[in-house]
$ cat final_31.pdb   # PDB, C-alpha atoms
ATOM      1  CA  MET Q  38     -23.765  25.943 -38.279
ATOM      2  CA  ASN Q  39     -26.307  23.600 -36.787
ATOM      3  CA  ASN Q  40     -27.577  24.208 -33.318
ATOM      4  CA  VAL Q  41     -26.767  20.877 -31.762
ATOM      5  CA  LYS Q  42     -27.943  20.357 -28.210
ATOM      6  CA  LEU Q  43     -25.028  18.941 -26.183
ATOM      7  CA  LYS Q  44     -25.789  16.470 -23.452
ATOM      8  CA  ASP Q  45     -25.127  17.589 -19.896
ATOM      9  CA  ARG Q  46     -23.605  14.221 -19.064
ATOM     10  CA  PHE Q  47     -22.833  10.912 -20.735
ATOM     11  CA  ILE Q  48     -21.050   7.643 -19.977
ATOM     12  CA  GLU Q  49     -18.280   6.401 -22.227
ATOM     13  CA  LYS Q  50     -19.141   2.779 -22.894
ATOM     14  CA  LYS Q  51     -15.629   1.352 -23.270
ATOM     15  CA  LYS Q  52     -14.116   2.585 -20.007
ATOM     16  CA  LYS Q  53     -17.420   3.249 -18.206
ATOM     17  CA  ILE Q  54     -16.426   6.751 -17.173
ATOM     18  CA  GLU Q  55     -19.093   9.389 -16.740
ATOM     19  CA  TYR Q  56     -18.417  12.831 -18.223
ATOM     20  CA  ILE Q  57     -20.133  16.058 -17.177
ATOM     21  CA  ARG Q  58     -20.369  19.120 -19.407
ATOM     22  CA  VAL Q  59     -18.850  22.257 -17.930
ATOM     23  CA  GLY Q  60     -19.227  25.121 -20.392
ATOM     24  CA  ASP Q  61     -17.975  23.816 -23.738
ATOM     25  CA  TYR Q  62     -15.911  20.976 -22.238
ATOM     26  CA  TYR Q  63     -16.608  17.509 -20.916
ATOM     27  CA  ILE Q  64     -14.785  16.651 -17.694
ATOM     28  CA  PRO Q  65     -14.628  13.120 -16.234
ATOM     29  CA  ASN Q  66     -16.753  12.716 -13.135
ATOM     30  CA  LEU Q  67     -14.210  10.891 -11.021
ATOM     31  CA  ILE Q  68     -15.522   9.759  -7.674
ATOM     32  CA  PRO Q  69     -13.003   9.851  -4.854
ATOM     33  CA  PRO Q  70     -12.314   6.477  -3.277
ATOM     34  CA  LYS Q  71     -14.538   5.361  -0.444
ATOM     35  CA  ASN Q  72     -12.537   5.062   2.712
ATOM     36  CA  ILE Q  73     -12.134   1.564   4.009
ATOM     37  CA  LYS Q  74     -13.178   1.566   7.648
ATOM     38  CA  GLY Q  75     -10.243   1.657   9.998
ATOM     39  CA  PHE Q  76      -7.645   2.089   7.240
ATOM     40  CA  GLN Q  77      -4.509   3.843   8.394
ATOM     41  CA  LEU Q  78      -1.128   4.088   6.785
ATOM     42  CA  GLU Q  79       1.335   2.063   8.773
ATOM     43  CA  LYS Q  80       5.058   1.551   8.298
ATOM     44  CA  TYR Q  81       5.100  -0.729   5.261
ATOM     45  CA  SER Q  82       2.041   0.745   3.536
ATOM     46  CA  ALA Q  83       3.501   4.243   3.928
ATOM     47  CA  LEU Q  84       6.816   3.078   2.464
ATOM     48  CA  ARG Q  85       4.982   1.413  -0.447
ATOM     49  CA  LEU Q  86       2.977   4.578  -1.100
ATOM     50  CA  LYS Q  87       6.152   6.660  -1.155
ATOM     51  CA  TYR Q  88       7.818   4.149  -3.496
ATOM     52  CA  LEU Q  89       4.842   4.169  -5.878
ATOM     53  CA  LYS Q  90       4.707   7.980  -5.967
ATOM     54  CA  GLU Q  91       8.437   8.360  -6.613
ATOM     55  CA  HIS Q  92       9.290   5.376  -8.819
ATOM     56  CA  LYS Q  93       6.100   3.817 -10.217
ATOM     57  CA  LYS Q  94       3.970   6.823 -11.120
ATOM     58  CA  ILE Q  95       1.917   5.022 -13.767
ATOM     59  CA  LYS Q  96       1.033   2.180 -11.386
ATOM     60  CA  TYR Q  97       0.229   4.738  -8.659
ATOM     61  CA  HIS Q  98      -2.156   6.675 -10.908
ATOM     62  CA  SER Q  99      -3.675   3.465 -12.225
ATOM     63  CA  LEU Q 100      -4.447   2.313  -8.686
ATOM     64  CA  ILE Q 101      -6.026   5.678  -7.889
ATOM     65  CA  MET Q 102      -8.114   5.729 -11.073
ATOM     66  CA  ASN Q 103      -9.356   2.168 -10.449
ATOM     67  CA  ASN Q 104     -10.121   2.961  -6.797
ATOM     68  CA  GLU Q 105      -7.734   0.207  -5.665
ATOM     69  CA  LEU Q 106      -4.977   2.130  -3.870
ATOM     70  CA  GLN Q 107      -6.203   1.577  -0.317
ATOM     71  CA  LYS Q 108      -6.799  -2.138  -0.865
ATOM     72  CA  HIS Q 109      -3.344  -2.462  -2.452
ATOM     73  CA  LEU Q 110      -1.707  -0.696   0.509
ATOM     74  CA  MET Q 111      -3.626  -2.872   2.979
ATOM     75  CA  ASP Q 112      -2.480  -6.003   1.137
ATOM     76  CA  VAL Q 113       1.138  -4.819   1.155
ATOM     77  CA  GLN Q 114       0.965  -4.005   4.884
ATOM     78  CA  SER Q 115      -0.544  -7.387   5.698
ATOM     79  CA  SER Q 116       1.906  -9.414   3.600
ATOM     80  CA  CYS Q 117       4.901  -7.480   4.967
ATOM     81  CA  GLU Q 118       3.786  -8.033   8.557
ATOM     82  CA  LYS Q 119       3.382 -11.776   7.894
ATOM     83  CA  LEU Q 120       6.811 -11.939   6.243
ATOM     84  CA  ARG Q 121       8.392 -10.048   9.162
ATOM     85  CA  LYS Q 122       6.828 -12.365  11.733
ATOM     86  CA  LYS Q 123       7.979 -15.414   9.774
ATOM     87  CA  MET Q 124      11.515 -14.017   9.466
ATOM     88  CA  ILE Q 125      11.701 -13.281  13.192
ATOM     89  CA  ASN Q 126      10.611 -16.823  14.056
ATOM     90  CA  GLN Q 127      13.179 -18.311  11.656
ATOM     91  CA  LEU Q 128      15.956 -16.092  12.980
ATOM     92  CA  LYS Q 129      15.019 -16.919  16.588
ATOM     93  CA  LYS Q 130      15.454 -20.620  15.834
ATOM     94  CA  GLN Q 131      18.673 -19.993  13.912
ATOM     95  CA  GLU Q 132      20.195 -17.861  16.692
ATOM     96  CA  ASN Q 133      18.870 -20.184  19.429
ATOM     97  CA  ILE Q 134      16.921 -17.433  21.201
ATOM     98  CA  THR Q 135      14.656 -19.189  23.696
ATOM     99  CA  GLU Q 136      12.553 -18.440  26.749
ATOM    100  CA  GLU Q 137      15.303 -20.124  28.726
ATOM    101  CA  LEU Q 138      17.753 -17.426  27.586
ATOM    102  CA  LYS Q 139      15.167 -14.776  28.485
ATOM    103  CA  ALA Q 140      14.887 -16.131  32.045
ATOM    104  CA  LYS Q 141      18.659 -16.562  32.378
ATOM    105  CA  ASP Q 142      19.995 -13.307  30.843
ATOM    106  CA  GLN Q 143      17.328 -10.733  29.950
ATOM    107  CA  MET Q 144      19.732  -8.127  28.582
ATOM    108  CA  GLU Q 145      21.312 -10.618  26.187
ATOM    109  CA  TRP Q 146      17.855 -11.790  25.103
ATOM    110  CA  VAL Q 147      16.730  -8.179  24.453
ATOM    111  CA  ARG Q 148      19.923  -7.436  22.507
ATOM    112  CA  LYS Q 149      19.487 -10.485  20.300
ATOM    113  CA  MET Q 150      15.744  -9.873  19.777
ATOM    114  CA  ASN Q 151      16.391  -6.250  18.794
ATOM    115  CA  ASN Q 152      19.084  -7.418  16.399
ATOM    116  CA  ILE Q 153      16.870  -9.965  14.629
ATOM    117  CA  SER Q 154      13.972  -7.504  14.594
ATOM    118  CA  ASN Q 155      16.149  -5.011  12.741
ATOM    119  CA  ILE Q 156      17.379  -7.701  10.336
ATOM    120  CA  ALA Q 157      13.790  -8.803   9.624
ATOM    121  CA  ASP Q 158      12.744  -5.178   9.024
ATOM    122  CA  GLU Q 159      15.534  -4.679   6.495
ATOM    123  CA  ILE Q 160      14.646  -7.874   4.650
ATOM    124  CA  VAL Q 161      10.952  -6.987   4.544
ATOM    125  CA  VAL Q 162      11.604  -3.446   3.319
ATOM    126  CA  ILE Q 163      13.856  -4.706   0.544
ATOM    127  CA  ALA Q 164      11.623  -7.619  -0.477
ATOM    128  CA  GLY Q 165       8.124  -6.494   0.383
ATOM    129  CA  VAL Q 166       7.801  -2.791  -0.295
ATOM    130  CA  LYS Q 167       9.136  -2.911  -3.845
TER     131      LYS Q 167
END
$ encode --input "final_31.pdb" --output "structure tokens"
Amino acid sequence: MNNVKLKDRFIEKKKKIEYIRVGDYYIPNLIPPKNIKGFQLEKYSALRLKYLKEHKKIKYHSLIMNNELQKHLMDVQSSCEKLRKKMINQLKKQENITEELKAKDQMEWVRKMNNISNIADEIVVIAGVK
């Protein structure tokens, strides 16, 4: 058998993945994602992450391999927050919840605001997280 000198590392041209030789095997040199400054899992991004892990495993692993998971979760969080704010404003107009009501009957205003906040949350979770 020929004594062929194996390279210690090489880059696959098609997928641009670097491989490192460990013993007789080549293992992909996967770099962990760089943290985006100030990134924290919040309500909707945490729900999206859980959904991806449990129901969309291929998409989840694809996002990790392409170093796009954090950006994806940030986008989901941002779009869900915008949708929630929009829904609350629409529901406030629909239910006629005004500053006048707040000055007149604070408890009624709080009850109605809590109600529409919960409705908006449910709509966002159903529409935005999936």
$ atom_distance --input "final_31.pdb" --atom1 "CA of Leu86 in chain Q" --atom2 "CA of Ile163 in chain Q"
14.4 Å
$ resolve_selection --input "final_31.pdb" --expression "the PyMOL selection byres ((chain Q and resi 144-153) around 12)" --output "MDAnalysis selection string"
chainID Q and resid 121:143 154:160
$ write_last_selection --input "final_31.pdb" --atoms "C-alpha atoms" --output "short mmCIF file (atom, residue, chain, number, x, y, z; two decimals), in the coordinates of the input"
data_model
loop_
_atom_site.label_atom_id
_atom_site.label_comp_id
_atom_site.auth_asym_id
_atom_site.auth_seq_id
_atom_site.Cartn_x
_atom_site.Cartn_y
_atom_site.Cartn_z
CA ARG Q 121 8.39 -10.05 9.16
CA LYS Q 122 6.83 -12.36 11.73
CA LYS Q 123 7.98 -15.41 9.77
CA MET Q 124 11.52 -14.02 9.47
CA ILE Q 125 11.70 -13.28 13.19
CA ASN Q 126 10.61 -16.82 14.06
CA GLN Q 127 13.18 -18.31 11.66
CA LEU Q 128 15.96 -16.09 12.98
CA LYS Q 129 15.02 -16.92 16.59
CA LYS Q 130 15.45 -20.62 15.83
CA GLN Q 131 18.67 -19.99 13.91
CA GLU Q 132 20.20 -17.86 16.69
CA ASN Q 133 18.87 -20.18 19.43
CA ILE Q 134 16.92 -17.43 21.20
CA THR Q 135 14.66 -19.19 23.70
CA GLU Q 136 12.55 -18.44 26.75
CA GLU Q 137 15.30 -20.12 28.73
CA LEU Q 138 17.75 -17.43 27.59
CA LYS Q 139 15.17 -14.78 28.48
CA ALA Q 140 14.89 -16.13 32.04
CA LYS Q 141 18.66 -16.56 32.38
CA ASP Q 142 20.00 -13.31 30.84
CA GLN Q 143 17.33 -10.73 29.95
CA SER Q 154 13.97 -7.50 14.59
CA ASN Q 155 16.15 -5.01 12.74
CA ILE Q 156 17.38 -7.70 10.34
CA ALA Q 157 13.79 -8.80 9.62
CA ASP Q 158 12.74 -5.18 9.02
CA GLU Q 159 15.53 -4.68 6.50
CA ILE Q 160 14.65 -7.87 4.65
#
$ residues_around --input "final_31.pdb" --residues "Tyr81 in chain Q" --least-positions-apart "5" --cutoff "12 Å" --atoms "all atoms listed in the file" --output "PyMOL selection string"
chain Q and resi 86-88+109-121+158-167
$ residues_around --input "final_31.pdb" --residues "Ile54 in chain Q" --least-positions-apart "5" --cutoff "9 Å" --atoms "only C-alpha atoms" --output "list in words"
Phe47, Ile48, Glu49, Pro65, Asn66 and Leu67 of chain Q
$ write_last_selection --input "final_31.pdb" --atoms "C-alpha atoms" --output "tab-separated table (two decimals), in the coordinates of the input"
chain	number	residue	atom	x	y	z
Q	47	PHE	CA	-22.83	10.91	-20.74
Q	48	ILE	CA	-21.05	7.64	-19.98
Q	49	GLU	CA	-18.28	6.40	-22.23
Q	65	PRO	CA	-14.63	13.12	-16.23
Q	66	ASN	CA	-16.75	12.72	-13.14
Q	67	LEU	CA	-14.21	10.89	-11.02
$ residues_near_point --input "final_31.pdb" --point "(-9.3, 5.8, -12.5)" --cutoff "10 Å" --atoms "all atoms listed in the file" --output "list in words"
Lys52, Ile54, Pro65, Leu67, Ile68, Pro69, Pro70, His98, Ser99, Leu100, Ile101, Met102, Asn103, Asn104 and Glu105 of chain Q
$ atom_distance --input "final_31.pdb" --atom1 "CA of Leu106 in chain Q" --atom2 "CA of Glu55 in chain Q"
20.4 Å
$ atom_distance --input "final_31.pdb" --atom1 "CA of Leu43 in chain Q" --atom2 "CA of Val59 in chain Q"
10.8 Å
$ decode --input "final_31.pdb" --residues "range 119-132 of chain Q" --atoms "all heavy atoms" --output "PDB file, in the first residue's frame"
ATOM      1  N   LYS Q 119     -44.073  44.042  17.042  1.00  0.00           N
ATOM      2  CA  LYS Q 119     -44.763  45.011  16.185  1.00  0.00           C
ATOM      3  C   LYS Q 119     -46.208  44.592  15.951  1.00  0.00           C
ATOM      4  O   LYS Q 119     -47.126  45.423  16.012  1.00  0.00           O
ATOM      5  CB  LYS Q 119     -44.041  45.153  14.847  1.00  0.00           C
ATOM      6  CG  LYS Q 119     -42.747  45.906  14.930  1.00  0.00           C
ATOM      7  CD  LYS Q 119     -42.040  45.936  13.593  1.00  0.00           C
ATOM      8  CE  LYS Q 119     -40.665  46.559  13.717  1.00  0.00           C
ATOM      9  NZ  LYS Q 119     -39.900  46.472  12.458  1.00  0.00           N
ATOM     10  N   LEU Q 120     -46.423  43.300  15.683  1.00  0.00           N
ATOM     11  CA  LEU Q 120     -47.772  42.791  15.457  1.00  0.00           C
ATOM     12  C   LEU Q 120     -48.623  42.961  16.713  1.00  0.00           C
ATOM     13  O   LEU Q 120     -49.784  43.381  16.635  1.00  0.00           O
ATOM     14  CB  LEU Q 120     -47.726  41.323  15.044  1.00  0.00           C
ATOM     15  CG  LEU Q 120     -49.057  40.625  14.829  1.00  0.00           C
ATOM     16  CD1 LEU Q 120     -49.851  41.305  13.711  1.00  0.00           C
ATOM     17  CD2 LEU Q 120     -48.837  39.149  14.504  1.00  0.00           C
ATOM     18  N   ARG Q 121     -48.053  42.691  17.880  1.00  0.00           N
ATOM     19  CA  ARG Q 121     -48.784  42.823  19.141  1.00  0.00           C
ATOM     20  C   ARG Q 121     -49.191  44.271  19.378  1.00  0.00           C
ATOM     21  O   ARG Q 121     -50.334  44.560  19.743  1.00  0.00           O
ATOM     22  CB  ARG Q 121     -47.928  42.313  20.300  1.00  0.00           C
ATOM     23  CG  ARG Q 121     -48.632  42.363  21.638  1.00  0.00           C
ATOM     24  CD  ARG Q 121     -47.738  41.839  22.756  1.00  0.00           C
ATOM     25  NE  ARG Q 121     -48.465  41.767  23.994  1.00  0.00           N
ATOM     26  CZ  ARG Q 121     -48.610  42.807  24.833  1.00  0.00           C
ATOM     27  NH1 ARG Q 121     -48.085  43.967  24.543  1.00  0.00           N
ATOM     28  NH2 ARG Q 121     -49.289  42.654  25.948  1.00  0.00           N
ATOM     29  N   LYS Q 122     -48.262  45.187  19.152  1.00  0.00           N
ATOM     30  CA  LYS Q 122     -48.559  46.609  19.347  1.00  0.00           C
ATOM     31  C   LYS Q 122     -49.670  47.067  18.399  1.00  0.00           C
ATOM     32  O   LYS Q 122     -50.593  47.779  18.798  1.00  0.00           O
ATOM     33  CB  LYS Q 122     -47.289  47.430  19.113  1.00  0.00           C
ATOM     34  CG  LYS Q 122     -47.422  48.878  19.447  1.00  0.00           C
ATOM     35  CD  LYS Q 122     -46.078  49.582  19.319  1.00  0.00           C
ATOM     36  CE  LYS Q 122     -46.201  51.043  19.698  1.00  0.00           C
ATOM     37  NZ  LYS Q 122     -44.931  51.749  19.619  1.00  0.00           N
ATOM     38  N   LYS Q 123     -49.580  46.613  17.148  1.00  0.00           N
ATOM     39  CA  LYS Q 123     -50.601  46.963  16.159  1.00  0.00           C
ATOM     40  C   LYS Q 123     -51.966  46.403  16.568  1.00  0.00           C
ATOM     41  O   LYS Q 123     -52.988  47.092  16.483  1.00  0.00           O
ATOM     42  CB  LYS Q 123     -50.191  46.415  14.787  1.00  0.00           C
ATOM     43  CG  LYS Q 123     -51.130  46.748  13.674  1.00  0.00           C
ATOM     44  CD  LYS Q 123     -50.624  46.188  12.359  1.00  0.00           C
ATOM     45  CE  LYS Q 123     -51.605  46.425  11.239  1.00  0.00           C
ATOM     46  NZ  LYS Q 123     -51.160  45.836   9.975  1.00  0.00           N
ATOM     47  N   MET Q 124     -51.983  45.154  17.026  1.00  0.00           N
ATOM     48  CA  MET Q 124     -53.237  44.526  17.447  1.00  0.00           C
ATOM     49  C   MET Q 124     -53.845  45.263  18.636  1.00  0.00           C
ATOM     50  O   MET Q 124     -55.063  45.475  18.690  1.00  0.00           O
ATOM     51  CB  MET Q 124     -53.008  43.056  17.816  1.00  0.00           C
ATOM     52  CG  MET Q 124     -52.674  42.150  16.660  1.00  0.00           C
ATOM     53  SD  MET Q 124     -53.976  42.044  15.420  1.00  0.00           S
ATOM     54  CE  MET Q 124     -55.361  41.556  16.387  1.00  0.00           C
ATOM     55  N   ILE Q 125     -53.011  45.653  19.588  1.00  0.00           N
ATOM     56  CA  ILE Q 125     -53.524  46.365  20.763  1.00  0.00           C
ATOM     57  C   ILE Q 125     -54.144  47.692  20.343  1.00  0.00           C
ATOM     58  O   ILE Q 125     -55.238  48.050  20.804  1.00  0.00           O
ATOM     59  CB  ILE Q 125     -52.409  46.566  21.819  1.00  0.00           C
ATOM     60  CG1 ILE Q 125     -52.124  45.227  22.509  1.00  0.00           C
ATOM     61  CG2 ILE Q 125     -52.814  47.616  22.854  1.00  0.00           C
ATOM     62  CD1 ILE Q 125     -50.976  45.257  23.485  1.00  0.00           C
ATOM     63  N   ASN Q 126     -53.468  48.414  19.455  1.00  0.00           N
ATOM     64  CA  ASN Q 126     -54.028  49.697  18.994  1.00  0.00           C
ATOM     65  C   ASN Q 126     -55.355  49.502  18.262  1.00  0.00           C
ATOM     66  O   ASN Q 126     -56.295  50.271  18.456  1.00  0.00           O
ATOM     67  CB  ASN Q 126     -53.023  50.432  18.108  1.00  0.00           C
ATOM     68  CG  ASN Q 126     -51.871  50.995  18.905  1.00  0.00           C
ATOM     69  OD1 ASN Q 126     -52.012  51.277  20.087  1.00  0.00           O
ATOM     70  ND2 ASN Q 126     -50.724  51.138  18.271  1.00  0.00           N
ATOM     71  N   GLN Q 127     -55.452  48.475  17.415  1.00  0.00           N
ATOM     72  CA  GLN Q 127     -56.696  48.199  16.710  1.00  0.00           C
ATOM     73  C   GLN Q 127     -57.810  47.821  17.680  1.00  0.00           C
ATOM     74  O   GLN Q 127     -58.952  48.278  17.544  1.00  0.00           O
ATOM     75  CB  GLN Q 127     -56.498  47.087  15.684  1.00  0.00           C
ATOM     76  CG  GLN Q 127     -55.700  47.489  14.477  1.00  0.00           C
ATOM     77  CD  GLN Q 127     -55.462  46.329  13.522  1.00  0.00           C
ATOM     78  OE1 GLN Q 127     -55.744  45.169  13.827  1.00  0.00           O
ATOM     79  NE2 GLN Q 127     -54.919  46.644  12.352  1.00  0.00           N
ATOM     80  N   LEU Q 128     -57.483  46.969  18.642  1.00  0.00           N
ATOM     81  CA  LEU Q 128     -58.493  46.542  19.611  1.00  0.00           C
ATOM     82  C   LEU Q 128     -58.932  47.692  20.523  1.00  0.00           C
ATOM     83  O   LEU Q 128     -60.098  47.752  20.933  1.00  0.00           O
ATOM     84  CB  LEU Q 128     -57.982  45.358  20.431  1.00  0.00           C
ATOM     85  CG  LEU Q 128     -57.845  44.038  19.659  1.00  0.00           C
ATOM     86  CD1 LEU Q 128     -57.072  43.008  20.469  1.00  0.00           C
ATOM     87  CD2 LEU Q 128     -59.216  43.504  19.273  1.00  0.00           C
ATOM     88  N   LYS Q 129     -57.994  48.593  20.844  1.00  0.00           N
ATOM     89  CA  LYS Q 129     -58.362  49.767  21.650  1.00  0.00           C
ATOM     90  C   LYS Q 129     -59.395  50.616  20.912  1.00  0.00           C
ATOM     91  O   LYS Q 129     -60.370  51.074  21.512  1.00  0.00           O
ATOM     92  CB  LYS Q 129     -57.123  50.613  21.960  1.00  0.00           C
ATOM     93  CG  LYS Q 129     -56.336  50.118  23.148  1.00  0.00           C
ATOM     94  CD  LYS Q 129     -55.022  50.851  23.329  1.00  0.00           C
ATOM     95  CE  LYS Q 129     -55.163  52.303  23.616  1.00  0.00           C
ATOM     96  NZ  LYS Q 129     -53.860  52.951  23.930  1.00  0.00           N
ATOM     97  N   LYS Q 130     -59.186  50.817  19.628  1.00  0.00           N
ATOM     98  CA  LYS Q 130     -60.143  51.600  18.835  1.00  0.00           C
ATOM     99  C   LYS Q 130     -61.483  50.872  18.736  1.00  0.00           C
ATOM    100  O   LYS Q 130     -62.547  51.473  18.868  1.00  0.00           O
ATOM    101  CB  LYS Q 130     -59.582  51.863  17.440  1.00  0.00           C
ATOM    102  CG  LYS Q 130     -58.477  52.877  17.427  1.00  0.00           C
ATOM    103  CD  LYS Q 130     -57.928  53.065  16.036  1.00  0.00           C
ATOM    104  CE  LYS Q 130     -56.715  53.989  16.066  1.00  0.00           C
ATOM    105  NZ  LYS Q 130     -56.076  54.089  14.750  1.00  0.00           N
ATOM    106  N   GLN Q 131     -61.405  49.560  18.522  1.00  0.00           N
ATOM    107  CA  GLN Q 131     -62.618  48.754  18.361  1.00  0.00           C
ATOM    108  C   GLN Q 131     -63.444  48.732  19.646  1.00  0.00           C
ATOM    109  O   GLN Q 131     -64.675  48.806  19.608  1.00  0.00           O
ATOM    110  CB  GLN Q 131     -62.219  47.330  17.957  1.00  0.00           C
ATOM    111  CG  GLN Q 131     -63.357  46.409  17.656  1.00  0.00           C
ATOM    112  CD  GLN Q 131     -62.858  45.031  17.229  1.00  0.00           C
ATOM    113  OE1 GLN Q 131     -61.740  44.877  16.757  1.00  0.00           O
ATOM    114  NE2 GLN Q 131     -63.702  44.044  17.419  1.00  0.00           N
ATOM    115  N   GLU Q 132     -62.775  48.636  20.787  1.00  0.00           N
ATOM    116  CA  GLU Q 132     -63.466  48.557  22.080  1.00  0.00           C
ATOM    117  C   GLU Q 132     -63.713  49.933  22.699  1.00  0.00           C
ATOM    118  O   GLU Q 132     -64.226  50.022  23.812  1.00  0.00           O
ATOM    119  CB  GLU Q 132     -62.646  47.695  23.053  1.00  0.00           C
ATOM    120  CG  GLU Q 132     -62.492  46.249  22.640  1.00  0.00           C
ATOM    121  CD  GLU Q 132     -63.796  45.489  22.694  1.00  0.00           C
ATOM    122  OE1 GLU Q 132     -64.596  45.720  23.628  1.00  0.00           O
ATOM    123  OE2 GLU Q 132     -64.017  44.654  21.802  1.00  0.00           O
TER     124      GLU Q 132
END
